[in-house]
>>> print(open('entry_17.txt').read())   # compact mmCIF, N, CA and C atoms
# COMPACT_ATOMS: atom_id res chain seq x y z
N MET A 12 82.61 199.95 21.60
CA MET A 12 81.51 198.99 21.58
C MET A 12 80.59 199.29 22.77
N ARG A 13 79.34 199.38 22.51
CA ARG A 13 78.38 199.63 23.59
C ARG A 13 78.34 198.46 24.57
N GLU A 14 78.03 198.79 25.81
CA GLU A 14 78.01 197.77 26.87
C GLU A 14 77.08 196.62 26.54
N GLU A 15 75.89 196.92 26.07
CA GLU A 15 74.92 195.87 25.77
C GLU A 15 75.45 194.91 24.71
N LYS A 16 76.09 195.43 23.69
CA LYS A 16 76.66 194.58 22.63
C LYS A 16 77.80 193.73 23.17
N LEU A 17 78.59 194.31 24.06
CA LEU A 17 79.69 193.56 24.67
C LEU A 17 79.15 192.41 25.51
N ILE A 18 78.12 192.66 26.30
CA ILE A 18 77.50 191.61 27.12
C ILE A 18 76.96 190.50 26.22
N GLN A 19 76.31 190.87 25.15
CA GLN A 19 75.77 189.88 24.21
C GLN A 19 76.88 189.05 23.59
N LEU A 20 77.98 189.70 23.20
CA LEU A 20 79.11 188.98 22.61
C LEU A 20 79.74 188.02 23.61
N LEU A 21 79.95 188.49 24.84
CA LEU A 21 80.52 187.61 25.87
C LEU A 21 79.61 186.40 26.12
N ALA A 22 78.31 186.66 26.24
CA ALA A 22 77.37 185.56 26.48
C ALA A 22 77.37 184.57 25.33
N LYS A 23 77.44 185.07 24.12
CA LYS A 23 77.47 184.18 22.94
C LYS A 23 78.71 183.30 22.97
N LYS A 24 79.86 183.91 23.22
CA LYS A 24 81.12 183.14 23.26
C LYS A 24 81.09 182.10 24.37
N ILE A 25 80.61 182.48 25.54
CA ILE A 25 80.55 181.55 26.67
C ILE A 25 79.58 180.41 26.37
N SER A 26 78.42 180.72 25.82
CA SER A 26 77.40 179.69 25.58
C SER A 26 77.81 178.72 24.47
N GLN A 27 78.80 179.08 23.68
CA GLN A 27 79.28 178.19 22.62
C GLN A 27 80.30 177.18 23.12
N ILE A 28 80.75 177.35 24.35
CA ILE A 28 81.72 176.41 24.93
C ILE A 28 80.98 175.14 25.33
N ASN A 29 81.52 174.00 24.92
CA ASN A 29 80.93 172.71 25.28
C ASN A 29 81.94 171.90 26.07
N LEU A 30 81.58 171.61 27.30
CA LEU A 30 82.42 170.80 28.18
C LEU A 30 81.58 169.67 28.77
N ALA A 31 82.24 168.72 29.38
CA ALA A 31 81.52 167.62 30.04
C ALA A 31 81.13 167.99 31.47
N HIS A 32 81.37 169.21 31.84
CA HIS A 32 81.04 169.73 33.18
C HIS A 32 80.64 171.20 33.02
N PRO A 33 80.12 171.80 34.06
CA PRO A 33 79.73 173.21 33.96
C PRO A 33 80.90 174.12 33.55
N ILE A 34 80.57 175.18 32.84
CA ILE A 34 81.55 176.20 32.48
C ILE A 34 81.71 177.10 33.71
N ARG A 35 82.94 177.41 34.06
CA ARG A 35 83.21 178.27 35.21
C ARG A 35 83.85 179.55 34.70
N VAL A 36 83.13 180.66 34.82
CA VAL A 36 83.60 181.95 34.34
C VAL A 36 83.93 182.82 35.54
N GLY A 37 85.16 183.27 35.63
CA GLY A 37 85.59 184.14 36.72
C GLY A 37 85.74 185.57 36.23
N ILE A 38 85.19 186.50 36.99
CA ILE A 38 85.31 187.92 36.66
C ILE A 38 86.14 188.55 37.77
N ASP A 39 87.24 189.17 37.38
CA ASP A 39 88.19 189.70 38.35
C ASP A 39 88.43 191.18 38.10
N GLY A 40 88.88 191.86 39.11
CA GLY A 40 89.22 193.27 38.97
C GLY A 40 89.35 193.91 40.34
N VAL A 41 89.80 195.15 40.34
CA VAL A 41 89.98 195.87 41.59
C VAL A 41 88.62 196.25 42.18
N ASP A 42 88.62 196.58 43.46
CA ASP A 42 87.39 196.99 44.13
C ASP A 42 86.74 198.16 43.39
N ALA A 43 85.42 198.12 43.32
CA ALA A 43 84.60 199.18 42.72
C ALA A 43 84.83 199.35 41.22
N SER A 44 85.33 198.30 40.55
CA SER A 44 85.56 198.40 39.11
C SER A 44 84.36 197.97 38.28
N GLY A 45 83.32 197.43 38.93
CA GLY A 45 82.12 197.02 38.20
C GLY A 45 82.01 195.52 37.99
N LYS A 46 82.77 194.74 38.73
CA LYS A 46 82.73 193.28 38.58
C LYS A 46 81.34 192.71 38.81
N THR A 47 80.71 193.13 39.89
CA THR A 47 79.38 192.60 40.24
C THR A 47 78.35 193.01 39.20
N ALA A 48 78.40 194.24 38.76
CA ALA A 48 77.46 194.71 37.73
C ALA A 48 77.64 193.92 36.44
N LEU A 49 78.88 193.71 36.03
CA LEU A 49 79.15 192.93 34.82
C LEU A 49 78.66 191.50 34.99
N ALA A 50 78.98 190.89 36.12
CA ALA A 50 78.57 189.50 36.36
C ALA A 50 77.06 189.36 36.34
N ASN A 51 76.34 190.29 36.96
CA ASN A 51 74.88 190.22 36.98
C ASN A 51 74.29 190.39 35.58
N LYS A 52 74.81 191.33 34.81
CA LYS A 52 74.31 191.55 33.45
C LYS A 52 74.62 190.35 32.56
N LEU A 53 75.80 189.79 32.72
CA LEU A 53 76.18 188.62 31.93
C LEU A 53 75.31 187.42 32.29
N ALA A 54 75.06 187.22 33.58
CA ALA A 54 74.20 186.11 34.02
C ALA A 54 72.79 186.27 33.45
N LYS A 55 72.27 187.47 33.49
CA LYS A 55 70.93 187.73 32.94
C LYS A 55 70.88 187.42 31.45
N GLN A 56 71.91 187.81 30.71
CA GLN A 56 71.95 187.54 29.28
C GLN A 56 72.07 186.04 29.02
N LEU A 57 72.87 185.34 29.82
CA LEU A 57 73.06 183.90 29.63
C LEU A 57 71.80 183.11 29.97
N GLN A 58 70.95 183.64 30.82
CA GLN A 58 69.70 182.95 31.15
C GLN A 58 68.81 182.79 29.91
N LYS A 59 69.02 183.62 28.92
CA LYS A 59 68.25 183.53 27.69
C LYS A 59 68.60 182.27 26.89
N THR A 60 69.74 181.65 27.21
CA THR A 60 70.15 180.42 26.52
C THR A 60 69.41 179.20 27.06
N ARG A 61 68.65 179.40 28.12
CA ARG A 61 67.90 178.33 28.80
C ARG A 61 68.80 177.31 29.49
N ARG A 62 70.07 177.66 29.65
CA ARG A 62 70.97 176.83 30.45
C ARG A 62 70.91 177.31 31.88
N GLN A 63 71.19 176.43 32.81
CA GLN A 63 71.24 176.81 34.22
C GLN A 63 72.40 177.78 34.42
N VAL A 64 72.11 178.91 35.02
CA VAL A 64 73.15 179.90 35.32
C VAL A 64 73.27 180.00 36.84
N ILE A 65 74.47 179.78 37.32
CA ILE A 65 74.77 179.85 38.75
C ILE A 65 75.55 181.14 38.99
N ARG A 66 75.06 181.95 39.88
CA ARG A 66 75.70 183.24 40.17
C ARG A 66 76.24 183.20 41.60
N ALA A 67 77.53 183.38 41.73
CA ALA A 67 78.17 183.37 43.05
C ALA A 67 79.24 184.45 43.09
N SER A 68 79.70 184.74 44.31
CA SER A 68 80.70 185.78 44.51
C SER A 68 81.62 185.39 45.66
N THR A 69 82.81 185.94 45.66
CA THR A 69 83.71 185.71 46.79
C THR A 69 83.11 186.24 48.08
N ASP A 70 82.16 187.18 47.98
CA ASP A 70 81.53 187.72 49.19
C ASP A 70 80.85 186.64 50.03
N GLY A 71 80.48 185.53 49.44
CA GLY A 71 79.87 184.44 50.17
C GLY A 71 80.88 183.51 50.83
N PHE A 72 82.15 183.85 50.69
CA PHE A 72 83.22 182.99 51.21
C PHE A 72 84.26 183.78 52.02
N HIS A 73 83.81 184.84 52.69
CA HIS A 73 84.70 185.59 53.58
C HIS A 73 85.07 184.71 54.77
N ASN A 74 86.18 185.04 55.36
CA ASN A 74 86.55 184.48 56.66
C ASN A 74 85.86 185.30 57.75
N PRO A 75 85.70 184.73 58.94
CA PRO A 75 85.17 185.51 60.07
C PRO A 75 86.07 186.72 60.36
N ARG A 76 85.50 187.75 60.98
CA ARG A 76 86.25 188.98 61.29
C ARG A 76 87.54 188.70 62.06
N LYS A 77 87.49 187.76 63.01
CA LYS A 77 88.68 187.50 63.82
C LYS A 77 89.85 187.02 62.96
N ILE A 78 89.57 186.40 61.84
CA ILE A 78 90.62 185.98 60.89
C ILE A 78 90.94 187.12 59.93
N ARG A 79 89.88 187.76 59.39
CA ARG A 79 90.08 188.84 58.40
C ARG A 79 90.90 190.00 58.96
N TYR A 80 90.67 190.33 60.23
CA TYR A 80 91.32 191.50 60.81
C TYR A 80 92.49 191.15 61.74
N LYS A 81 92.97 189.93 61.67
CA LYS A 81 94.06 189.49 62.54
C LYS A 81 95.30 190.38 62.40
N LYS A 82 95.58 190.85 61.21
CA LYS A 82 96.75 191.70 60.97
C LYS A 82 96.39 193.19 61.06
N GLY A 83 95.17 193.48 61.49
CA GLY A 83 94.71 194.86 61.58
C GLY A 83 93.64 195.13 60.53
N ARG A 84 92.66 195.90 60.91
CA ARG A 84 91.52 196.18 60.02
C ARG A 84 91.94 196.84 58.71
N ASP A 85 92.98 197.66 58.73
CA ASP A 85 93.43 198.38 57.53
C ASP A 85 94.69 197.79 56.90
N SER A 86 95.05 196.59 57.28
CA SER A 86 96.27 195.97 56.76
C SER A 86 96.07 195.47 55.33
N PRO A 87 96.85 195.99 54.37
CA PRO A 87 96.76 195.49 52.99
C PRO A 87 97.11 194.00 52.90
N LYS A 88 98.13 193.60 53.65
CA LYS A 88 98.54 192.20 53.64
C LYS A 88 97.43 191.31 54.21
N GLY A 89 96.82 191.78 55.30
CA GLY A 89 95.71 191.04 55.89
C GLY A 89 94.52 190.95 54.94
N TYR A 90 94.23 192.05 54.26
CA TYR A 90 93.12 192.04 53.30
C TYR A 90 93.38 191.00 52.21
N PHE A 91 94.60 191.02 51.67
CA PHE A 91 94.94 190.11 50.57
C PHE A 91 94.99 188.66 51.02
N LEU A 92 95.58 188.40 52.17
CA LEU A 92 95.82 187.02 52.60
C LEU A 92 94.68 186.41 53.43
N ASP A 93 93.95 187.24 54.17
CA ASP A 93 93.03 186.70 55.16
C ASP A 93 91.54 186.95 54.92
N SER A 94 91.20 187.72 53.90
CA SER A 94 89.79 188.08 53.71
C SER A 94 88.91 186.89 53.34
N PHE A 95 89.40 186.05 52.45
CA PHE A 95 88.54 185.00 51.89
C PHE A 95 89.03 183.60 52.23
N ASN A 96 88.08 182.70 52.33
CA ASN A 96 88.36 181.29 52.60
C ASN A 96 88.50 180.58 51.25
N ASN A 97 89.69 180.65 50.70
CA ASN A 97 89.92 180.10 49.36
C ASN A 97 89.70 178.59 49.29
N LYS A 98 90.03 177.87 50.35
CA LYS A 98 89.78 176.42 50.36
C LYS A 98 88.28 176.14 50.26
N ALA A 99 87.47 176.97 50.91
CA ALA A 99 86.02 176.79 50.85
C ALA A 99 85.48 177.11 49.46
N ILE A 100 86.04 178.11 48.81
CA ILE A 100 85.63 178.43 47.44
C ILE A 100 85.89 177.23 46.54
N ILE A 101 87.07 176.68 46.66
CA ILE A 101 87.44 175.52 45.83
C ILE A 101 86.58 174.32 46.18
N GLY A 102 86.46 174.00 47.47
CA GLY A 102 85.76 172.80 47.90
C GLY A 102 84.25 172.84 47.74
N ASN A 103 83.65 174.02 47.85
CA ASN A 103 82.19 174.13 47.79
C ASN A 103 81.66 174.55 46.43
N LEU A 104 82.52 175.10 45.58
CA LEU A 104 82.02 175.67 44.33
C LEU A 104 82.83 175.25 43.10
N LEU A 105 84.11 175.56 43.10
CA LEU A 105 84.90 175.33 41.89
C LEU A 105 85.15 173.85 41.59
N LYS A 106 85.57 173.09 42.58
CA LYS A 106 85.85 171.67 42.36
C LYS A 106 84.59 170.88 42.04
N PRO A 107 83.50 171.07 42.77
CA PRO A 107 82.28 170.32 42.43
C PRO A 107 81.75 170.60 41.03
N LEU A 108 82.03 171.80 40.50
CA LEU A 108 81.55 172.15 39.17
C LEU A 108 82.60 171.92 38.08
N GLY A 109 83.72 171.37 38.45
CA GLY A 109 84.81 171.13 37.51
C GLY A 109 84.82 169.71 37.00
N PRO A 110 85.88 169.35 36.26
CA PRO A 110 86.01 167.99 35.74
C PRO A 110 85.93 166.97 36.87
N LYS A 111 85.15 165.94 36.68
CA LYS A 111 84.95 164.87 37.65
C LYS A 111 84.33 165.35 38.96
N GLY A 112 83.74 166.54 38.95
CA GLY A 112 83.10 167.08 40.14
C GLY A 112 81.76 166.42 40.39
N SER A 113 81.28 166.56 41.60
CA SER A 113 80.01 165.93 42.01
C SER A 113 78.78 166.69 41.52
N LEU A 114 78.96 167.94 41.07
CA LEU A 114 77.88 168.84 40.65
C LEU A 114 77.06 169.34 41.84
N ARG A 115 77.44 168.97 43.05
CA ARG A 115 76.74 169.42 44.26
C ARG A 115 77.56 170.56 44.86
N TYR A 116 76.97 171.74 44.90
CA TYR A 116 77.70 172.95 45.24
C TYR A 116 76.93 173.85 46.20
N ARG A 117 77.65 174.80 46.78
CA ARG A 117 77.07 175.88 47.57
C ARG A 117 77.60 177.19 46.99
N THR A 118 76.76 178.21 46.96
CA THR A 118 77.18 179.52 46.45
C THR A 118 77.70 180.43 47.55
N LYS A 119 77.53 180.02 48.79
CA LYS A 119 78.06 180.80 49.91
C LYS A 119 78.09 179.93 51.15
N ILE A 120 78.99 180.31 52.06
CA ILE A 120 79.07 179.58 53.34
C ILE A 120 79.12 180.53 54.52
N PHE A 121 79.36 181.83 54.25
CA PHE A 121 79.54 182.78 55.34
C PHE A 121 78.90 184.12 55.00
N ASP A 122 78.24 184.70 55.98
CA ASP A 122 77.64 186.02 55.85
C ASP A 122 78.56 187.00 56.56
N PHE A 123 79.35 187.75 55.79
CA PHE A 123 80.34 188.63 56.41
C PHE A 123 79.71 189.83 57.12
N ILE A 124 78.50 190.20 56.76
CA ILE A 124 77.84 191.32 57.44
C ILE A 124 77.42 190.90 58.85
N LYS A 125 76.85 189.71 58.97
CA LYS A 125 76.44 189.19 60.28
C LYS A 125 77.60 188.51 61.01
N ASP A 126 78.68 188.27 60.30
CA ASP A 126 79.84 187.56 60.83
C ASP A 126 79.44 186.19 61.38
N SER A 127 78.70 185.46 60.55
CA SER A 127 78.26 184.13 60.95
C SER A 127 78.08 183.25 59.71
N LYS A 128 77.97 181.96 59.97
CA LYS A 128 77.75 181.01 58.87
C LYS A 128 76.49 181.40 58.12
N ALA A 129 76.52 181.21 56.81
CA ALA A 129 75.36 181.50 55.97
C ALA A 129 74.52 180.24 55.81
N LYS A 130 73.24 180.44 55.71
CA LYS A 130 72.34 179.33 55.44
C LYS A 130 72.24 179.19 53.92
N CYS A 131 72.82 178.13 53.42
CA CYS A 131 72.80 177.89 51.97
C CYS A 131 72.81 176.38 51.75
N LYS A 132 71.72 175.88 51.25
CA LYS A 132 71.61 174.45 51.00
C LYS A 132 72.51 174.03 49.84
N VAL A 133 72.92 172.79 49.88
CA VAL A 133 73.66 172.22 48.76
C VAL A 133 72.69 172.12 47.58
N GLN A 134 73.16 172.55 46.43
CA GLN A 134 72.36 172.52 45.22
C GLN A 134 73.02 171.59 44.21
N LYS A 135 72.25 171.20 43.20
CA LYS A 135 72.77 170.29 42.18
C LYS A 135 72.78 171.01 40.84
N ALA A 136 73.93 171.04 40.20
CA ALA A 136 74.07 171.68 38.90
C ALA A 136 73.88 170.66 37.79
N GLY A 137 73.39 171.13 36.67
CA GLY A 137 73.36 170.31 35.46
C GLY A 137 74.74 170.33 34.83
N LYS A 138 75.04 169.33 34.03
CA LYS A 138 76.38 169.26 33.41
C LYS A 138 76.65 170.41 32.45
N ASN A 139 75.59 171.03 31.93
CA ASN A 139 75.79 172.13 30.99
C ASN A 139 75.53 173.50 31.65
N ALA A 140 75.59 173.54 32.95
CA ALA A 140 75.37 174.81 33.68
C ALA A 140 76.53 175.76 33.42
N ILE A 141 76.29 177.03 33.74
CA ILE A 141 77.31 178.06 33.61
C ILE A 141 77.43 178.79 34.95
N LEU A 142 78.60 178.76 35.52
CA LEU A 142 78.90 179.51 36.74
C LEU A 142 79.48 180.85 36.37
N ILE A 143 78.88 181.93 36.90
CA ILE A 143 79.45 183.26 36.78
C ILE A 143 79.90 183.65 38.18
N PHE A 144 81.21 183.79 38.35
CA PHE A 144 81.79 183.99 39.67
C PHE A 144 82.73 185.17 39.65
>>> encode(input="entry_17.txt", output="C-alpha cells")
Amino acid sequence: MREEKLIQLLAKKISQINLAHPIRVGIDGVDASGKTALANKLAKQLQKTRRQVIRASTDGFHNPRKIRYKKGRDSPKGYFLDSFNNKAIIGNLLKPLGPKGSLRYRTKIFDFIKDSKAKCKVQKAGKNAILIF
C-alpha cells in the first residue's frame, strides 16, 4: 500500500471515532523510525476534516540535562528512565484531553536544546479535537 493511501486510511479511521472528549492518538517506535514524519503527515491529512488537530511530541517534555544524564550521558537505563517527564506529559496533555479533562493543555513545557523551560501558553481544545502525539 502506498504511503499516501495509508495516511488517508488512518486519517479516515481516526476521524470516524466519536468520543465525548478529544481523540488521543499515540505514535510509537524506535529512534529514527519515522514517527515524526508519520505524525506530521497524519496531522496534515486530518486537518482536512476541519476538526482541531493538536500536534505534540515527547520532545516537548524532556527532563533537564542534570536529570537526563544523571546515570551517564550514554546510559541506556538513564535514557529509558530519565529522559522524559512522564508526569508532565500526563498532567499537561493527556489527562486534560481525556475523559472528564479540562480541555486546557500545553504541547510542551521544556526546551531540551536550550535546557530551559519552554514558553508555551495554555490552550483550549474543542471536545472533538484530535491529538497526534
>>> residues_around(input="entry_17.txt", residues="stretch 88-105 of chain A", least_positions_apart="3", cutoff="6 Å", atoms="only C-alpha atoms", output="list in words")
Phe72, His73, Asn74, Arg79, Lys82, Leu108, Tyr116 and Arg117 of chain A
>>> residues_around(input="entry_17.txt", residues="A:Val36", least_positions_apart="2", cutoff="8 Å", atoms="only C-alpha atoms", output="number ranges by chain")
A: 34, 38, 141-144
>>> closest_residue(input="entry_17.txt", among="A:Lys55, A:Lys130, A:Arg62, A:Lys23", to="A:Thr118", atoms="only C-alpha atoms")
A:Lys130
>>> atom_distance(input="entry_17.txt", atom1="atom C of A:Gly45", atom2="atom C of A:Asp126")
25.3 Å
>>> atom_distance(input="entry_17.txt", atom1="atom CA of A:Ile18", atom2="atom CA of A:Gly37")
14.6 Å
>>> atom_distance(input="entry_17.txt", atom1="atom CA of A:Asp122", atom2="atom CA of A:Gly109")
24.7 Å
>>> closest_residue(input="entry_17.txt", among="A:Lys81, A:Arg76, A:Arg35, A:Lys132", to="A:Val64", atoms="only C-alpha atoms")
A:Arg35
>>> select_by_dssp(input="entry_17.txt", residues="chain A", states="alpha helix (DSSP H)", output="PyMOL selection string")
chain A and resi 14-26+46-57+76-79+87-93+97-100
>>> write_last_selection(input="entry_17.txt", atoms="N, CA and C atoms", output="CSV table (one decimal), keeping the file's coordinate frame")
chain,number,residue,atom,x,y,z
A,14,GLU,N,78.0,198.8,25.8
A,14,GLU,CA,78.0,197.8,26.9
A,14,GLU,C,77.1,196.6,26.5
A,15,GLU,N,75.9,196.9,26.1
A,15,GLU,CA,74.9,195.9,25.8
A,15,GLU,C,75.4,194.9,24.7
A,16,LYS,N,76.1,195.4,23.7
A,16,LYS,CA,76.7,194.6,22.6
A,16,LYS,C,77.8,193.7,23.2
A,17,LEU,N,78.6,194.3,24.1
A,17,LEU,CA,79.7,193.6,24.7
A,17,LEU,C,79.2,192.4,25.5
A,18,ILE,N,78.1,192.7,26.3
A,18,ILE,CA,77.5,191.6,27.1
A,18,ILE,C,77.0,190.5,26.2
A,19,GLN,N,76.3,190.9,25.2
A,19,GLN,CA,75.8,189.9,24.2
A,19,GLN,C,76.9,189.0,23.6
A,20,LEU,N,78.0,189.7,23.2
A,20,LEU,CA,79.1,189.0,22.6
A,20,LEU,C,79.7,188.0,23.6
A,21,LEU,N,80.0,188.5,24.8
A,21,LEU,CA,80.5,187.6,25.9
A,21,LEU,C,79.6,186.4,26.1
A,22,ALA,N,78.3,186.7,26.2
A,22,ALA,CA,77.4,185.6,26.5
A,22,ALA,C,77.4,184.6,25.3
A,23,LYS,N,77.4,185.1,24.1
A,23,LYS,CA,77.5,184.2,22.9
A,23,LYS,C,78.7,183.3,23.0
A,24,LYS,N,79.9,183.9,23.2
A,24,LYS,CA,81.1,183.1,23.3
A,24,LYS,C,81.1,182.1,24.4
A,25,ILE,N,80.6,182.5,25.5
A,25,ILE,CA,80.6,181.6,26.7
A,25,ILE,C,79.6,180.4,26.4
A,26,SER,N,78.4,180.7,25.8
A,26,SER,CA,77.4,179.7,25.6
A,26,SER,C,77.8,178.7,24.5
A,46,LYS,N,82.8,194.7,38.7
A,46,LYS,CA,82.7,193.3,38.6
A,46,LYS,C,81.3,192.7,38.8
A,47,THR,N,80.7,193.1,39.9
A,47,THR,CA,79.4,192.6,40.2
A,47,THR,C,78.4,193.0,39.2
A,48,ALA,N,78.4,194.2,38.8
A,48,ALA,CA,77.5,194.7,37.7
A,48,ALA,C,77.6,193.9,36.4
A,49,LEU,N,78.9,193.7,36.0
A,49,LEU,CA,79.2,192.9,34.8
A,49,LEU,C,78.7,191.5,35.0
A,50,ALA,N,79.0,190.9,36.1
A,50,ALA,CA,78.6,189.5,36.4
A,50,ALA,C,77.1,189.4,36.3
A,51,ASN,N,76.3,190.3,37.0
A,51,ASN,CA,74.9,190.2,37.0
A,51,ASN,C,74.3,190.4,35.6
A,52,LYS,N,74.8,191.3,34.8
A,52,LYS,CA,74.3,191.6,33.4
A,52,LYS,C,74.6,190.4,32.6
A,53,LEU,N,75.8,189.8,32.7
A,53,LEU,CA,76.2,188.6,31.9
A,53,LEU,C,75.3,187.4,32.3
A,54,ALA,N,75.1,187.2,33.6
A,54,ALA,CA,74.2,186.1,34.0
A,54,ALA,C,72.8,186.3,33.4
A,55,LYS,N,72.3,187.5,33.5
A,55,LYS,CA,70.9,187.7,32.9
A,55,LYS,C,70.9,187.4,31.4
A,56,GLN,N,71.9,187.8,30.7
A,56,GLN,CA,72.0,187.5,29.3
A,56,GLN,C,72.1,186.0,29.0
A,57,LEU,N,72.9,185.3,29.8
A,57,LEU,CA,73.1,183.9,29.6
A,57,LEU,C,71.8,183.1,30.0
A,76,ARG,N,85.5,187.8,61.0
A,76,ARG,CA,86.2,189.0,61.3
A,76,ARG,C,87.5,188.7,62.1
A,77,LYS,N,87.5,187.8,63.0
A,77,LYS,CA,88.7,187.5,63.8
A,77,LYS,C,89.8,187.0,63.0
A,78,ILE,N,89.6,186.4,61.8
A,78,ILE,CA,90.6,186.0,60.9
A,78,ILE,C,90.9,187.1,59.9
A,79,ARG,N,89.9,187.8,59.4
A,79,ARG,CA,90.1,188.8,58.4
A,79,ARG,C,90.9,190.0,59.0
A,87,PRO,N,96.8,196.0,54.4
A,87,PRO,CA,96.8,195.5,53.0
A,87,PRO,C,97.1,194.0,52.9
A,88,LYS,N,98.1,193.6,53.6
A,88,LYS,CA,98.5,192.2,53.6
A,88,LYS,C,97.4,191.3,54.2
A,89,GLY,N,96.8,191.8,55.3
A,89,GLY,CA,95.7,191.0,55.9
A,89,GLY,C,94.5,191.0,54.9
A,90,TYR,N,94.2,192.0,54.3
A,90,TYR,CA,93.1,192.0,53.3
A,90,TYR,C,93.4,191.0,52.2
A,91,PHE,N,94.6,191.0,51.7
A,91,PHE,CA,94.9,190.1,50.6
A,91,PHE,C,95.0,188.7,51.0
A,92,LEU,N,95.6,188.4,52.2
A,92,LEU,CA,95.8,187.0,52.6
A,92,LEU,C,94.7,186.4,53.4
A,93,ASP,N,94.0,187.2,54.2
A,93,ASP,CA,93.0,186.7,55.2
A,93,ASP,C,91.5,187.0,54.9
A,97,ASN,N,89.7,180.6,50.7
A,97,ASN,CA,89.9,180.1,49.4
A,97,ASN,C,89.7,178.6,49.3
A,98,LYS,N,90.0,177.9,50.4
A,98,LYS,CA,89.8,176.4,50.4
A,98,LYS,C,88.3,176.1,50.3
A,99,ALA,N,87.5,177.0,50.9
A,99,ALA,CA,86.0,176.8,50.8
A,99,ALA,C,85.5,177.1,49.5
A,100,ILE,N,86.0,178.1,48.8
A,100,ILE,CA,85.6,178.4,47.4
A,100,ILE,C,85.9,177.2,46.5
>>> select_by_dssp(input="entry_17.txt", residues="chain A", states="strand (DSSP E or B)", output="MDAnalysis selection string")
chainID A and resid 34:36 64:66 73 95 115:116 121:122 127:128 134:135 141:143
>>> closest_residue(input="entry_17.txt", among="A:Pro33, A:Asp39, A:Lys128, A:Gly83", to="A:Pro107", atoms="only N, CA and C atoms")
A:Pro33
>>> closest_residue(input="entry_17.txt", among="A:Ala140, A:Leu30, A:Tyr80, A:Pro75", to="A:Ser127", atoms="only N, CA and C atoms")
A:Pro75
>>> decode(input="entry_17.txt", residues="stretch 24-71 of chain A", atoms="C-alpha atoms", output="PDB file, in the first residue's frame")
ATOM      1  CA  LYS A  24     -10.444   5.660  10.632  1.00  0.00           C
ATOM      2  CA  ILE A  25      -9.381   8.198  13.262  1.00  0.00           C
ATOM      3  CA  SER A  26     -11.880  10.842  12.119  1.00  0.00           C
ATOM      4  CA  GLN A  27     -14.717   8.310  12.374  1.00  0.00           C
ATOM      5  CA  ILE A  28     -14.134   7.875  16.108  1.00  0.00           C
ATOM      6  CA  ASN A  29     -16.693   9.764  18.187  1.00  0.00           C
ATOM      7  CA  LEU A  30     -15.933  10.424  21.828  1.00  0.00           C
ATOM      8  CA  ALA A  31     -17.113  12.963  24.393  1.00  0.00           C
ATOM      9  CA  HIS A  32     -13.523  14.243  24.603  1.00  0.00           C
ATOM     10  CA  PRO A  33     -10.635  14.696  22.177  1.00  0.00           C
ATOM     11  CA  ILE A  34      -9.219  11.637  20.446  1.00  0.00           C
ATOM     12  CA  ARG A  35      -5.662  10.935  21.592  1.00  0.00           C
ATOM     13  CA  VAL A  36      -3.514   9.148  19.013  1.00  0.00           C
ATOM     14  CA  GLY A  37      -0.063   7.976  20.064  1.00  0.00           C
ATOM     15  CA  ILE A  38       2.610   7.097  17.529  1.00  0.00           C
ATOM     16  CA  ASP A  39       5.416   4.982  18.921  1.00  0.00           C
ATOM     17  CA  GLY A  40       8.568   3.396  17.596  1.00  0.00           C
ATOM     18  CA  VAL A  41      12.320   3.247  17.870  1.00  0.00           C
ATOM     19  CA  ASP A  42      14.514   6.286  17.234  1.00  0.00           C
ATOM     20  CA  ALA A  43      14.785   7.321  13.570  1.00  0.00           C
ATOM     21  CA  SER A  44      11.915   5.039  12.523  1.00  0.00           C
ATOM     22  CA  GLY A  45       9.852   7.877  11.023  1.00  0.00           C
ATOM     23  CA  LYS A  46       7.462   8.621  13.901  1.00  0.00           C
ATOM     24  CA  THR A  47       7.654  12.394  13.470  1.00  0.00           C
ATOM     25  CA  ALA A  48       7.243  12.212   9.697  1.00  0.00           C
ATOM     26  CA  LEU A  49       4.208   9.943  10.055  1.00  0.00           C
ATOM     27  CA  ALA A  50       2.679  12.131  12.764  1.00  0.00           C
ATOM     28  CA  ASN A  51       3.137  15.295  10.688  1.00  0.00           C
ATOM     29  CA  LYS A  52       1.646  13.730   7.544  1.00  0.00           C
ATOM     30  CA  LEU A  53      -1.259  12.296   9.511  1.00  0.00           C
ATOM     31  CA  ALA A  54      -1.931  15.648  11.206  1.00  0.00           C
ATOM     32  CA  LYS A  55      -1.907  17.403   7.833  1.00  0.00           C
ATOM     33  CA  GLN A  56      -4.390  14.881   6.412  1.00  0.00           C
ATOM     34  CA  LEU A  57      -6.647  15.163   9.474  1.00  0.00           C
ATOM     35  CA  GLN A  58      -6.756  18.956   9.130  1.00  0.00           C
ATOM     36  CA  LYS A  59      -8.858  18.372   6.023  1.00  0.00           C
ATOM     37  CA  THR A  60     -11.658  17.131   8.315  1.00  0.00           C
ATOM     38  CA  ARG A  61     -11.933  20.678   9.711  1.00  0.00           C
ATOM     39  CA  ARG A  62     -11.513  19.325  13.233  1.00  0.00           C
ATOM     40  CA  GLN A  63      -8.953  20.878  15.535  1.00  0.00           C
ATOM     41  CA  VAL A  64      -5.715  18.922  15.258  1.00  0.00           C
ATOM     42  CA  ILE A  65      -3.226  19.196  18.110  1.00  0.00           C
ATOM     43  CA  ARG A  66       0.317  18.116  17.298  1.00  0.00           C
ATOM     44  CA  ALA A  67       2.676  17.370  20.175  1.00  0.00           C
ATOM     45  CA  SER A  68       5.745  15.253  20.863  1.00  0.00           C
ATOM     46  CA  THR A  69       7.618  13.831  23.817  1.00  0.00           C
ATOM     47  CA  ASP A  70      10.413  16.205  22.763  1.00  0.00           C
ATOM     48  CA  GLY A  71       8.474  18.995  24.478  1.00  0.00           C
TER      49      GLY A  71
END
